[in-house]
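Raw start04.csv, CSV, C-alpha atoms:
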```csv
chain,number,residue,atom,x,y,z
A,20,MET,CA,0.0,0.0,0.0
A,21,ILE,CA,3.0,2.3,0.2
A,22,SER,CA,3.2,4.8,-2.6
A,23,ILE,CA,6.8,5.9,-3.0
A,24,GLY,CA,5.6,9.1,-4.7
A,25,MET,CA,3.7,10.1,-1.6
A,26,GLY,CA,7.0,10.3,0.3
A,27,THR,CA,5.9,9.4,3.8
A,28,GLU,CA,7.9,6.1,4.1
A,29,ASN,CA,10.2,7.8,6.7
A,30,SER,CA,7.8,10.4,8.1
A,31,SER,CA,5.4,7.7,9.1
A,32,LYS,CA,8.0,6.1,11.3
A,33,VAL,CA,8.7,9.4,13.0
A,34,LEU,CA,4.9,9.8,13.6
A,35,ALA,CA,4.7,6.3,15.0
A,36,SER,CA,7.5,7.1,17.5
A,37,LEU,CA,5.9,10.4,18.5
A,38,ILE,CA,2.6,8.6,19.3
A,39,LYS,CA,4.5,6.1,21.5
A,40,MET,CA,6.2,9.0,23.3
A,41,LEU,CA,3.3,11.4,23.6
A,42,ARG,CA,0.5,8.9,24.1
A,43,PRO,CA,-2.0,11.3,22.5
A,44,LEU,CA,-5.7,10.9,23.1
A,45,LYS,CA,-6.9,12.8,20.1
A,46,ILE,CA,-5.1,12.7,16.7
A,47,ILE,CA,-6.3,14.5,13.6
A,48,GLU,CA,-5.0,13.5,10.2
A,49,ILE,CA,-5.8,15.3,7.0
A,50,GLY,CA,-4.9,13.0,4.1
A,51,ALA,CA,-5.4,9.3,4.6
A,52,GLY,CA,-2.9,6.8,3.3
A,53,TYR,CA,0.0,4.6,4.4
A,54,SER,CA,0.6,6.8,7.5
A,55,THR,CA,-2.9,6.2,8.7
A,56,ILE,CA,-2.3,2.5,9.2
A,57,VAL,CA,1.2,3.1,10.7
A,58,MET,CA,-0.3,5.6,13.3
A,59,LEU,CA,-3.2,3.2,14.1
A,60,ASN,CA,-0.7,0.4,14.8
A,61,SER,CA,1.2,2.7,17.1
A,62,ILE,CA,-1.9,3.8,18.9
A,63,ILE,CA,-2.8,0.2,19.5
A,64,GLU,CA,0.7,-0.6,20.8
A,65,TYR,CA,0.7,2.3,23.2
A,66,PHE,CA,-2.8,1.6,24.4
A,67,ASN,CA,-1.8,-2.0,25.2
A,68,GLU,CA,1.4,-0.7,26.9
A,69,LEU,CA,-0.7,1.6,29.0
A,70,LYS,CA,-3.0,-1.2,30.1
A,71,ASN,CA,0.1,-3.3,31.0
A,72,ASP,CA,1.5,-0.4,33.0
A,73,ILE,CA,-1.7,-0.2,35.0
A,74,ASN,CA,-1.7,-3.9,35.7
A,75,LEU,CA,1.9,-3.6,36.9
A,76,SER,CA,1.0,-0.7,39.2
A,77,ASN,CA,-1.7,-2.9,40.8
A,78,ASN,CA,0.8,-5.7,41.4
A,79,GLU,CA,2.5,-5.8,44.7
A,80,ASN,CA,5.7,-7.1,43.2
A,81,TRP,CA,8.4,-4.6,42.3
A,82,SER,CA,9.1,-4.0,38.6
A,83,GLU,CA,11.9,-2.0,37.0
A,84,ARG,CA,9.3,-0.6,34.6
A,85,LEU,CA,7.4,1.0,37.6
A,86,SER,CA,10.6,2.8,38.6
A,87,ILE,CA,10.6,4.9,35.5
A,88,ILE,CA,6.9,5.7,34.8
A,89,LEU,CA,4.3,8.0,36.4
A,90,PRO,CA,1.5,6.2,38.2
A,91,PRO,CA,-1.1,5.3,35.5
A,92,ASN,CA,-4.8,6.1,35.9
A,93,LYS,CA,-7.1,3.3,37.0
A,94,LEU,CA,-8.0,1.0,34.2
A,95,GLU,CA,-11.7,1.9,34.1
A,96,ASN,CA,-10.8,5.6,33.6
A,97,ILE,CA,-8.6,5.1,30.5
A,98,PRO,CA,-10.0,7.1,27.6
A,99,ILE,CA,-9.8,5.3,24.3
A,100,PRO,CA,-7.3,7.2,22.0
A,101,LYS,CA,-8.8,8.1,18.6
A,102,LEU,CA,-7.4,9.0,15.2
A,103,ILE,CA,-9.8,11.2,13.2
A,104,SER,CA,-8.8,10.7,9.6
A,105,ILE,CA,-10.2,13.3,7.1
A,106,ASP,CA,-10.1,12.7,3.4
A,107,ASP,CA,-12.6,12.9,0.5
A,108,GLY,CA,-10.7,10.2,-1.4
A,109,MET,CA,-10.6,12.4,-4.5
A,110,GLY,CA,-6.9,13.4,-4.5
A,111,GLU,CA,-4.7,12.2,-7.4
A,112,GLY,CA,-3.0,8.9,-6.4
A,113,SER,CA,-5.0,8.7,-3.2
A,114,SER,CA,-5.0,5.4,-1.4
A,115,ALA,CA,-7.8,6.5,1.0
A,116,ASN,CA,-10.3,4.0,-0.2
A,117,LYS,CA,-7.9,1.1,0.3
A,118,VAL,CA,-7.2,2.4,3.8
A,119,TRP,CA,-10.9,2.7,4.7
A,120,GLU,CA,-11.4,-0.9,3.5
A,121,ILE,CA,-8.6,-2.2,5.7
A,122,ILE,CA,-9.9,-0.3,8.7
A,123,GLU,CA,-13.4,-1.6,8.2
A,124,ASN,CA,-12.2,-5.2,8.3
A,125,ASN,CA,-10.1,-4.7,11.5
A,126,PRO,CA,-12.0,-4.3,14.8
A,127,ALA,CA,-9.0,-2.8,16.6
A,128,TYR,CA,-8.5,-0.2,13.9
A,129,LYS,CA,-12.2,0.7,14.0
A,130,MET,CA,-12.2,1.1,17.8
A,131,HIS,CA,-9.4,3.7,17.6
A,132,SER,CA,-10.4,5.6,14.5
A,133,GLU,CA,-13.1,7.9,13.1
A,134,ILE,CA,-13.3,8.3,9.4
A,135,ILE,CA,-14.6,11.6,7.9
A,136,LYS,CA,-15.1,11.2,4.2
A,137,LYS,CA,-15.2,14.8,3.1
A,138,ASN,CA,-13.1,17.7,2.1
A,139,PHE,CA,-11.8,19.6,5.2
A,140,TYR,CA,-13.1,22.8,3.7
A,141,HIS,CA,-16.6,21.5,4.3
A,142,ILE,CA,-16.1,21.0,8.0
A,143,ASN,CA,-17.3,24.0,10.0
A,144,MET,CA,-15.6,25.5,13.1
A,145,LYS,CA,-18.3,24.3,15.4
A,146,ASP,CA,-17.6,20.7,14.4
A,147,ILE,CA,-13.9,21.3,14.9
A,148,GLN,CA,-14.4,22.7,18.3
A,149,GLN,CA,-16.5,19.8,19.3
A,150,TRP,CA,-13.5,17.5,18.8
A,151,GLY,CA,-12.0,19.2,21.9
A,152,LYS,CA,-8.3,19.5,22.4
A,153,ILE,CA,-6.1,17.8,19.8
A,154,ASP,CA,-2.7,16.3,20.9
A,155,LEU,CA,-1.3,15.5,17.5
A,156,ILE,CA,-2.1,16.9,14.0
A,157,TRP,CA,-0.8,15.4,10.9
A,158,LEU,CA,-1.1,17.5,7.7
A,159,ASP,CA,-0.4,15.6,4.5
A,160,ALA,CA,-2.8,16.8,1.8
A,161,GLY,CA,-3.2,19.6,-0.6
A,162,THR,CA,-1.1,22.7,-1.4
A,163,LEU,CA,0.6,25.3,0.7
A,164,VAL,CA,-2.6,27.3,0.6
A,165,ASP,CA,-4.4,24.3,2.0
A,166,ASP,CA,-1.8,23.8,4.7
A,167,ALA,CA,-2.1,27.5,5.7
A,168,PHE,CA,-5.9,27.0,6.0
A,169,PHE,CA,-5.5,23.8,8.0
A,170,LEU,CA,-3.2,25.6,10.5
A,171,ASN,CA,-5.6,28.5,10.8
A,172,ARG,CA,-8.5,26.2,11.7
A,173,LEU,CA,-6.7,23.6,13.8
A,174,THR,CA,-4.0,25.4,15.8
A,175,PRO,CA,-6.5,27.0,18.3
A,176,GLN,CA,-7.5,23.4,19.2
A,177,LEU,CA,-3.9,22.2,19.8
A,178,SER,CA,-3.4,21.1,23.4
A,179,GLU,CA,-0.4,22.2,25.6
A,180,GLY,CA,2.5,19.9,24.6
A,181,GLY,CA,0.7,19.0,21.4
A,182,ILE,CA,2.5,18.7,18.1
A,183,ILE,CA,1.6,19.6,14.5
A,184,ALA,CA,3.5,17.5,12.0
A,185,LEU,CA,3.7,19.1,8.5
A,186,HIS,CA,4.8,17.0,5.5
A,187,GLU,CA,7.2,18.5,3.0
A,188,PRO,CA,8.4,21.8,4.7
A,189,PHE,CA,11.1,22.0,2.0
A,190,PHE,CA,11.0,22.3,-1.7
A,191,THR,CA,13.6,22.5,-4.5
A,192,SER,CA,14.2,25.8,-6.1
A,193,ILE,CA,16.8,27.8,-8.0
A,194,ILE,CA,18.6,30.3,-5.8
A,195,ASN,CA,21.0,33.1,-6.7
A,196,ASN,CA,24.5,32.7,-5.1
A,197,ASN,CA,26.8,35.5,-6.0
A,198,GLY,CA,25.5,35.6,-9.5
A,199,ASN,CA,25.5,31.8,-9.9
A,200,LYS,CA,22.1,30.0,-10.2
A,201,LEU,CA,22.1,26.9,-8.0
A,202,LEU,CA,19.4,24.2,-7.4
A,203,ARG,CA,18.9,23.8,-3.7
A,204,SER,CA,16.4,22.5,-1.2
A,205,ILE,CA,15.0,25.4,0.7
A,206,ARG,CA,12.1,26.1,3.2
A,207,THR,CA,8.7,26.5,1.6
A,208,PRO,CA,7.2,30.0,1.9
A,209,LEU,CA,4.9,28.6,4.6
A,210,TRP,CA,7.7,27.1,6.7
A,211,GLU,CA,9.8,30.2,6.1
A,212,GLU,CA,7.1,32.4,7.5
A,213,ILE,CA,6.6,30.2,10.6
A,214,SER,CA,10.4,30.0,11.1
A,215,LYS,CA,10.8,33.8,10.9
A,216,HIS,CA,7.9,34.8,13.1
A,217,LEU,CA,7.5,31.9,15.5
A,218,SER,CA,5.6,32.8,18.7
A,219,ASP,CA,7.2,32.3,22.1
A,220,GLN,CA,4.4,29.8,22.8
A,221,TYR,CA,5.8,27.3,20.2
A,222,GLU,CA,9.0,25.6,19.2
A,223,ILE,CA,9.8,24.0,15.8
A,224,ILE,CA,12.2,21.5,14.3
A,225,SER,CA,12.9,20.8,10.7
A,226,LEU,CA,13.7,17.2,9.7
A,227,THR,CA,15.3,16.9,6.3
A,228,GLU,CA,15.6,14.0,4.0
A,229,ASN,CA,18.8,14.8,2.2
A,230,HIS,CA,18.5,12.1,-0.4
A,231,LYS,CA,15.3,13.5,-1.8
A,232,TYR,CA,14.4,16.5,-3.9
A,233,ARG,CA,10.6,16.4,-3.5
A,234,GLN,CA,8.1,15.0,-1.0
A,235,SER,CA,10.9,15.6,1.5
A,236,GLY,CA,11.1,16.1,5.2
A,237,LEU,CA,9.0,16.8,8.2
A,238,GLY,CA,8.3,20.0,10.0
A,239,LEU,CA,7.3,19.7,13.7
A,240,ILE,CA,5.5,22.5,15.6
A,241,ARG,CA,5.1,22.0,19.3
A,242,LYS,CA,3.0,24.1,21.7
A,243,LYS,CA,4.8,24.7,25.0
A,244,THR,CA,3.0,24.0,28.2
A,245,LYS,CA,2.3,27.0,30.5
A,246,TYR,CA,5.1,25.9,32.8
A,247,GLU,CA,7.6,26.0,29.9
A,248,LEU,CA,6.8,29.7,29.3
A,249,ILE,CA,8.1,30.6,32.8
A,250,TYR,CA,11.8,30.8,33.2
A,251,ARG,CA,13.4,30.3,36.6
A,252,LYS,CA,15.4,33.1,38.2
A,253,GLU,CA,18.3,30.9,39.3
A,254,SER,CA,21.4,30.7,37.1
A,255,PHE,CA,22.4,27.4,35.4
A,256,GLN,CA,25.2,26.9,37.9
A,257,GLU,CA,23.0,27.6,40.9
A,258,GLU,CA,20.5,25.0,39.7
A,259,MET,CA,23.2,22.5,39.1
A,260,LEU,CA,24.3,22.9,42.8
A,261,ILE,CA,20.6,22.6,43.9
A,262,ILE,CA,20.4,19.1,42.3
A,263,ASN,CA,23.8,18.2,43.8
A,264,GLN,CA,25.7,18.5,40.5
A,265,ALA,CA,29.1,20.2,39.8
A,266,PRO,CA,28.5,23.8,38.6
A,267,ILE,CA,29.8,23.5,35.1
A,268,LEU,CA,29.9,26.7,33.1
A,269,PRO,CA,27.0,27.2,30.6
A,270,ASP,CA,29.2,27.0,27.5
A,271,PHE,CA,27.2,25.0,24.9
A,272,GLY,CA,28.8,26.1,21.6
A,273,ASP,CA,26.7,28.5,19.6
A,274,ILE,CA,23.4,27.2,21.0
A,275,THR,CA,23.1,29.9,23.7
A,276,LYS,CA,25.7,32.5,22.7
A,277,LYS,CA,23.1,35.1,21.9
A,278,ASN,CA,22.1,35.1,25.5
A,279,TYR,CA,25.6,36.0,26.7
A,280,HIS,CA,27.5,39.3,26.9
A,281,PRO,CA,26.5,41.3,23.8
A,282,ILE,CA,30.2,42.2,23.2
A,283,SER,CA,30.7,38.6,22.0
A,284,ILE,CA,29.0,39.5,18.7
A,285,LEU,CA,31.6,42.2,18.2
A,286,LYS,CA,34.4,39.7,17.9
A,287,ASN,CA,33.4,39.6,14.3
A,288,LYS,CA,35.3,42.3,12.4
A,289,ALA,CA,32.4,43.1,10.0
A,290,ASN,CA,30.0,43.4,13.0
A,291,ARG,CA,32.4,45.9,14.7
A,292,ILE,CA,32.7,48.0,11.5
A,293,ILE,CA,29.0,48.2,10.9
A,294,TYR,CA,28.2,48.9,14.6
A,295,SER,CA,30.7,51.8,14.4
A,296,ALA,CA,29.2,53.1,11.2
A,297,ILE,CA,25.8,53.2,12.8
A,298,GLN,CA,27.2,55.0,15.8
A,299,LEU,CA,28.5,57.6,13.3
A,300,GLU,CA,25.0,57.8,11.9
A,301,PHE,CA,25.7,56.0,8.7
A,302,ASN,CA,22.5,54.2,9.6
A,303,SER,CA,20.9,52.8,6.4
A,304,ILE,CA,22.2,49.9,4.2
A,305,GLU,CA,23.1,52.4,1.4
A,306,LYS,CA,25.1,54.6,3.8
A,307,ILE,CA,26.8,51.7,5.5
A,308,LYS,CA,27.9,50.3,2.1
A,309,GLN,CA,29.3,53.7,1.1
A,310,ILE,CA,31.4,54.1,4.3
A,311,THR,CA,32.5,50.5,4.8
A,312,PHE,CA,32.8,49.2,1.2
A,313,LEU,CA,31.4,45.9,2.4
A,314,ASP,CA,29.1,43.9,0.1
A,315,ILE,CA,25.3,43.9,0.7
A,316,LYS,CA,25.2,40.2,1.7
A,317,THR,CA,27.8,40.8,4.5
A,318,ILE,CA,26.0,44.0,5.6
A,319,GLU,CA,22.6,42.3,5.8
A,320,LYS,CA,24.1,39.3,7.7
A,321,SER,CA,25.8,41.6,10.3
A,322,LEU,CA,22.7,43.7,10.7
A,323,LYS,CA,20.7,40.6,11.4
A,324,SER,CA,23.2,39.4,14.0
A,325,LEU,CA,23.5,42.8,15.7
A,326,THR,CA,19.7,43.1,15.8
A,327,SER,CA,19.2,39.5,17.2
A,328,TYR,CA,21.7,40.4,20.0
A,329,GLY,CA,19.8,43.6,20.8
A,330,LEU,CA,22.7,45.9,20.0
A,331,ILE,CA,20.7,47.7,17.3
A,332,TYR,CA,17.1,48.0,16.2
A,333,ASN,CA,15.5,48.8,12.8
A,334,GLU,CA,13.1,51.8,12.7
A,335,ASN,CA,11.7,52.2,9.2
A,336,LYS,CA,14.9,50.9,7.5
A,337,ILE,CA,17.0,53.3,9.7
A,338,PHE,CA,19.2,51.4,12.1
A,339,LYS,CA,19.8,52.8,15.6
A,340,LEU,CA,21.8,51.8,18.6
A,341,ASN,CA,20.1,50.2,21.5
A,342,ASP,CA,22.1,51.8,24.4
A,343,ILE,CA,19.8,50.3,27.0
A,344,ILE,CA,21.4,46.9,26.6
A,345,TRP,CA,24.8,48.2,27.9
A,346,GLU,CA,23.1,49.6,31.0
A,347,LYS,CA,21.8,46.1,31.9
A,348,LEU,CA,25.3,44.6,32.0
A,349,PRO,CA,26.7,43.8,35.4
A,350,SER,CA,29.6,46.0,36.6
A,351,ASN,CA,33.1,44.6,37.0
A,352,SER,CA,32.7,44.9,40.7
A,353,GLN,CA,30.0,42.3,40.7
A,354,LYS,CA,31.4,38.9,41.6
A,355,ASN,CA,30.2,35.5,40.7
A,356,LYS,CA,27.7,34.3,43.3
A,357,ILE,CA,29.2,30.8,43.2
A,358,ASN,CA,32.6,30.2,44.8
A,359,ILE,CA,33.8,27.1,43.0
A,360,TYR,CA,36.8,26.9,45.3
A,361,HIS,CA,34.7,26.0,48.2
A,362,LYS,CA,35.5,22.5,49.4
A,363,ASP,CA,32.0,21.2,48.9
A,364,ILE,CA,32.0,22.4,45.3
A,365,LEU,CA,35.5,21.1,44.6
A,366,ASP,CA,34.3,17.7,45.9
A,367,LYS,CA,31.5,17.8,43.3
A,368,ILE,CA,33.9,18.8,40.5
A,369,ILE,CA,36.5,16.1,41.2
A,370,SER,CA,33.8,13.5,41.5
A,371,ASN,CA,33.5,13.7,37.7
A,372,LEU,CA,37.0,12.1,37.3
A,373,ASN,CA,37.6,8.4,37.8
A,374,PHE,CA,40.0,6.9,40.3
A,375,ASN,CA,42.8,4.8,38.8
A,376,GLU,CA,42.6,6.5,35.4
A,377,ILE,CA,45.5,8.5,34.0
A,378,TYR,CA,44.8,11.9,32.4
A,379,SER,CA,47.1,14.1,30.3
A,380,GLU,CA,47.7,17.7,31.2
A,381,GLN,CA,45.7,18.7,28.2
A,382,GLU,CA,42.7,16.6,29.3
A,383,ILE,CA,42.8,18.0,32.9
A,384,SER,CA,43.1,21.6,31.6
A,385,SER,CA,40.1,21.0,29.3
A,386,PHE,CA,38.2,19.5,32.2
A,387,CYS,CA,39.0,22.5,34.5
A,388,SER,CA,38.0,25.0,31.8
A,389,MET,CA,34.5,23.6,32.0
A,390,PHE,CA,34.2,25.1,35.5
A,391,ASP,CA,36.5,28.1,35.5
A,392,ARG,CA,37.9,30.0,32.5
A,393,ASP,CA,41.0,30.4,34.5
A,394,PHE,CA,41.6,26.7,34.2
A,395,ALA,CA,45.2,26.9,35.4
A,396,THR,CA,44.2,28.2,38.8
A,397,LEU,CA,41.6,25.5,39.3
A,398,ARG,CA,44.1,22.8,38.1
A,399,ARG,CA,46.7,24.1,40.6
A,400,THR,CA,44.2,24.2,43.4
A,401,LEU,CA,43.1,20.6,42.8
A,402,ILE,CA,46.8,19.6,43.1
A,403,ASP,CA,47.5,21.7,46.2
A,404,LEU,CA,44.5,20.4,48.0
A,405,SER,CA,45.4,16.8,47.1
A,406,TYR,CA,42.5,16.1,44.8
A,407,LEU,CA,45.0,15.4,42.0
A,408,LYS,CA,48.5,14.2,41.8
A,409,ARG,CA,50.9,15.0,38.9
A,410,ASP,CA,53.7,12.7,38.1
A,411,ASN,CA,57.1,13.5,36.5
A,412,ASN,CA,55.7,12.8,33.0
A,413,GLY,CA,53.0,15.5,33.3
A,414,ASN,CA,50.2,13.0,33.8
A,415,TYR,CA,47.5,13.4,36.4
A,416,LYS,CA,45.6,11.0,38.6
A,417,ARG,CA,42.7,11.5,41.0
A,418,ILE,CA,43.7,10.6,44.6
A,419,ASN,CA,40.9,12.0,46.6
```
Please re-express this file's structure in structure tokens.
Amino acid sequence: MISIGMGTENSSKVLASLIKMLRPLKIIEIGAGYSTIVMLNSIIEYFNELKNDINLSNNENWSERLSIILPPNKLENIPIPKLISIDDGMGEGSSANKVWEIIENNPAYKMHSEIIKKNFYHINMKDIQQWGKIDLIWLDAGTLVDDAFFLNRLTPQLSEGGIIALHEPFFTSIINNNGNKLLRSIRTPLWEEISKHLSDQYEIISLTENHKYRQSGLGLIRKKTKYELIYRKESFQEEMLIINQAPILPDFGDITKKNYHPISILKNKANRIIYSAIQLEFNSIEKIKQITFLDIKTIEKSLKSLTSYGLIYNENKIFKLNDIIWEKLPSNSQKNKINIYHKDILDKIISNLNFNEIYSEQEISSFCSMFDRDFATLRRTLIDLSYLKRDNNGNYKRIN
């Protein structure tokens, strides 16, 4: 029943895993096909797992499974998860009719599904609202216009923690690269718009299929829970200590750099030049180009970076400095709240090294740099306080 041209042979497996992880009670699918059966199989599997978890929880004997799961509801209160599959069966190459026949002849499939044989455009908002909150939405039918319409109608019904899965967020197009025309896989206009203007209430991930040029990829949109929208006031290192972990520095490559000191973005020479030009009131792209002799692509890239770090802002295509960001920086007199040289914290740090293992000086220096940028001082302290021992060959060993 798999139609290679439909391109869901990989996406369906991702959806099946999502269902096992999320255990959604209400799933909406627009566009019936191979993925319908895959999702129904996954629903049946997780429903059986849920019943098994409940049976284990009612058993007095200890089970390793019970040590990792939340206490399940009582068996009689388990809602039956449902997949609502919407398709009029009129699409070119549609396998909807075959799917409906399979479902009709399988009691388990019938129990966990509801088939709506109509065009989604003919379903009114009142009916959609009666479905209640939706935990997983799978969009795999129609054009970009259709997808935009589906999102408009269904997103308000998405539950907290719920996911929208969008098939084919990429398409192949000719792009201009320094005067050269290249064929590349890029975001569709819809996925581009979502990526550029994503609300704080949502997060997205783009999954590509690099071996395909059409019917490729999967876009996931997840609605955050209300608790995820609240950020705790404690620093990363403070929280690590609270959970009895060593207070490692929050250096995670470029994942979180934009949240650090804004001067870090000025390490880039082009960024410094353009920031200085704006300070001298060369504050439009044309004026910046005149004074810096940089190409438009470099200027636009730097302006985007400087804006994302909050150093500048765009007001009607005139770029201005955001001086407020400098006022928010801590003064040099402010000290780190955490004293990593306290014995209790040094104990936590050294606990991450193994006894009876030999470490090179480079390895120990790299390890110490994860807790203090002045790694040499920390390395020396660990030796002086007999946490580490250095031999004549420059190798280190944990002794305490």
**Study point:** Nearest to Asp106 of chain A by atom-to-atom distance, counting all atoms listed in the file, from A:Lys32, A:Lys129, A:Lys137, A:His186
**Key:** A:Lys137
Point to revise | Spatial neighbours of segment 223-228 of chain A, max dist 7 Å, only C-alpha atoms, sep filter under 4 positions, as a ChimeraX atom specification | key: /A:235-241
Check your understanding: Which value, in Å to one decimal, gives the distance between atom CA of Lys101 of chain A and atom CA of Ala167 of chain A?
Key -> 24.2 Å
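Using all atoms listed in the file, the residues found no farther than 9 Å from Ala160 of chain A, other than those of its own chain fewer than 6 positions away, are A:Ile49, A:Gly50, A:Ala51, A:Asp106, A:Gly110, A:Asp166, A:His186.
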Selection above as a file: C-alpha atoms, as a JSON list (two decimals), in the coordinates of the input:
```json
[["chain", "number", "residue", "atom", "x", "y", "z"],
["A", 49, "ILE", "CA", -5.80, 15.30, 7.00],
["A", 50, "GLY", "CA", -4.90, 13.00, 4.10],
["A", 51, "ALA", "CA", -5.40, 9.30, 4.60],
["A", 106, "ASP", "CA", -10.10, 12.70, 3.40],
["A", 110, "GLY", "CA", -6.90, 13.40, -4.50],
["A", 166, "ASP", "CA", -1.80, 23.80, 4.70],
["A", 186, "HIS", "CA", 4.80, 17.00, 5.50]]
```
Exercise for review: For Arg399 of chain A, please output as number ranges by chain all residues within 12 Å (counting all atoms listed in the file; exclusion window: fewer than 2 positions along the same chain).
Suggested key: A: 360, 380, 383-384, 387, 393-397, 401-409, 415
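Each of A:Lys215, A:Gln234, A:Phe189, A:Ser379 was checked against Asn29 of chain A using all atoms listed in the file; the smallest atom-to-atom distance is that of A:Gln234.
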Exercise for review: Rank nothing, just name the residue among A:Ile249, A:Ile63, A:Ala265, A:Val164 nearest to Asp366 of chain A, using all atoms listed in the file.
Suggested key: A:Ala265
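Atom pair atom CA of Gln264 of chain A / atom CA of Ser385 of chain A has a distance of 18.4 Å (rounded to one decimal).
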Point to revise | Shell of 12 Å around Phe312 of chain A, all atoms listed in the file, local chain residues under 6 positions omitted, as number ranges by chain | key: A: 289, 292-293, 296, 304-306, 318
Create the file for the chosen residues now, containing C-alpha atoms and written as a JSON list (two decimals), in the coordinates of the input.
```json
[["chain", "number", "residue", "atom", "x", "y", "z"],
["A", 289, "ALA", "CA", 32.40, 43.10, 10.00],
["A", 292, "ILE", "CA", 32.70, 48.00, 11.50],
["A", 293, "ILE", "CA", 29.00, 48.20, 10.90],
["A", 296, "ALA", "CA", 29.20, 53.10, 11.20],
["A", 304, "ILE", "CA", 22.20, 49.90, 4.20],
["A", 305, "GLU", "CA", 23.10, 52.40, 1.40],
["A", 306, "LYS", "CA", 25.10, 54.60, 3.80],
["A", 318, "ILE", "CA", 26.00, 44.00, 5.60]]
```
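For the atom pair formed by atom CA of Glu257 of chain A and atom CA of Ile357 of chain A, the distance is 7.3 Å, given to one decimal.
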Practice item. List the neighbours of Asn197 of chain A out to 12 Å using all atoms listed in the file; skip same-chain residues closer than 4 positions along the sequence, and give me the result as a ChimeraX atom specification. Key: /A:201,314-317
Can you write just those residues out, C-alpha atoms, as a PDB file, in the coordinates of the input?
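As a result, part15.pdb now contains:
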```pdb
ATOM      1  CA  LEU A 201      22.100  26.900  -8.000  1.00  0.00           C
ATOM      2  CA  ASP A 314      29.100  43.900   0.100  1.00  0.00           C
ATOM      3  CA  ILE A 315      25.300  43.900   0.700  1.00  0.00           C
ATOM      4  CA  LYS A 316      25.200  40.200   1.700  1.00  0.00           C
ATOM      5  CA  THR A 317      27.800  40.800   4.500  1.00  0.00           C
TER       6      THR A 317
END
```
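The closest residue to Leu340 of chain A, picked from A:Ser178, A:Ile364, A:Gln298, A:Ile105 and counting only C-alpha atoms, is A:Gln298.
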Review point. Which residue out of A:Asn78, A:Asn60, A:Thr162, A:Gln176 has the minimum interatomic distance to Ala35 of chain A when all atoms listed in the file are used?
Key: A:Asn60
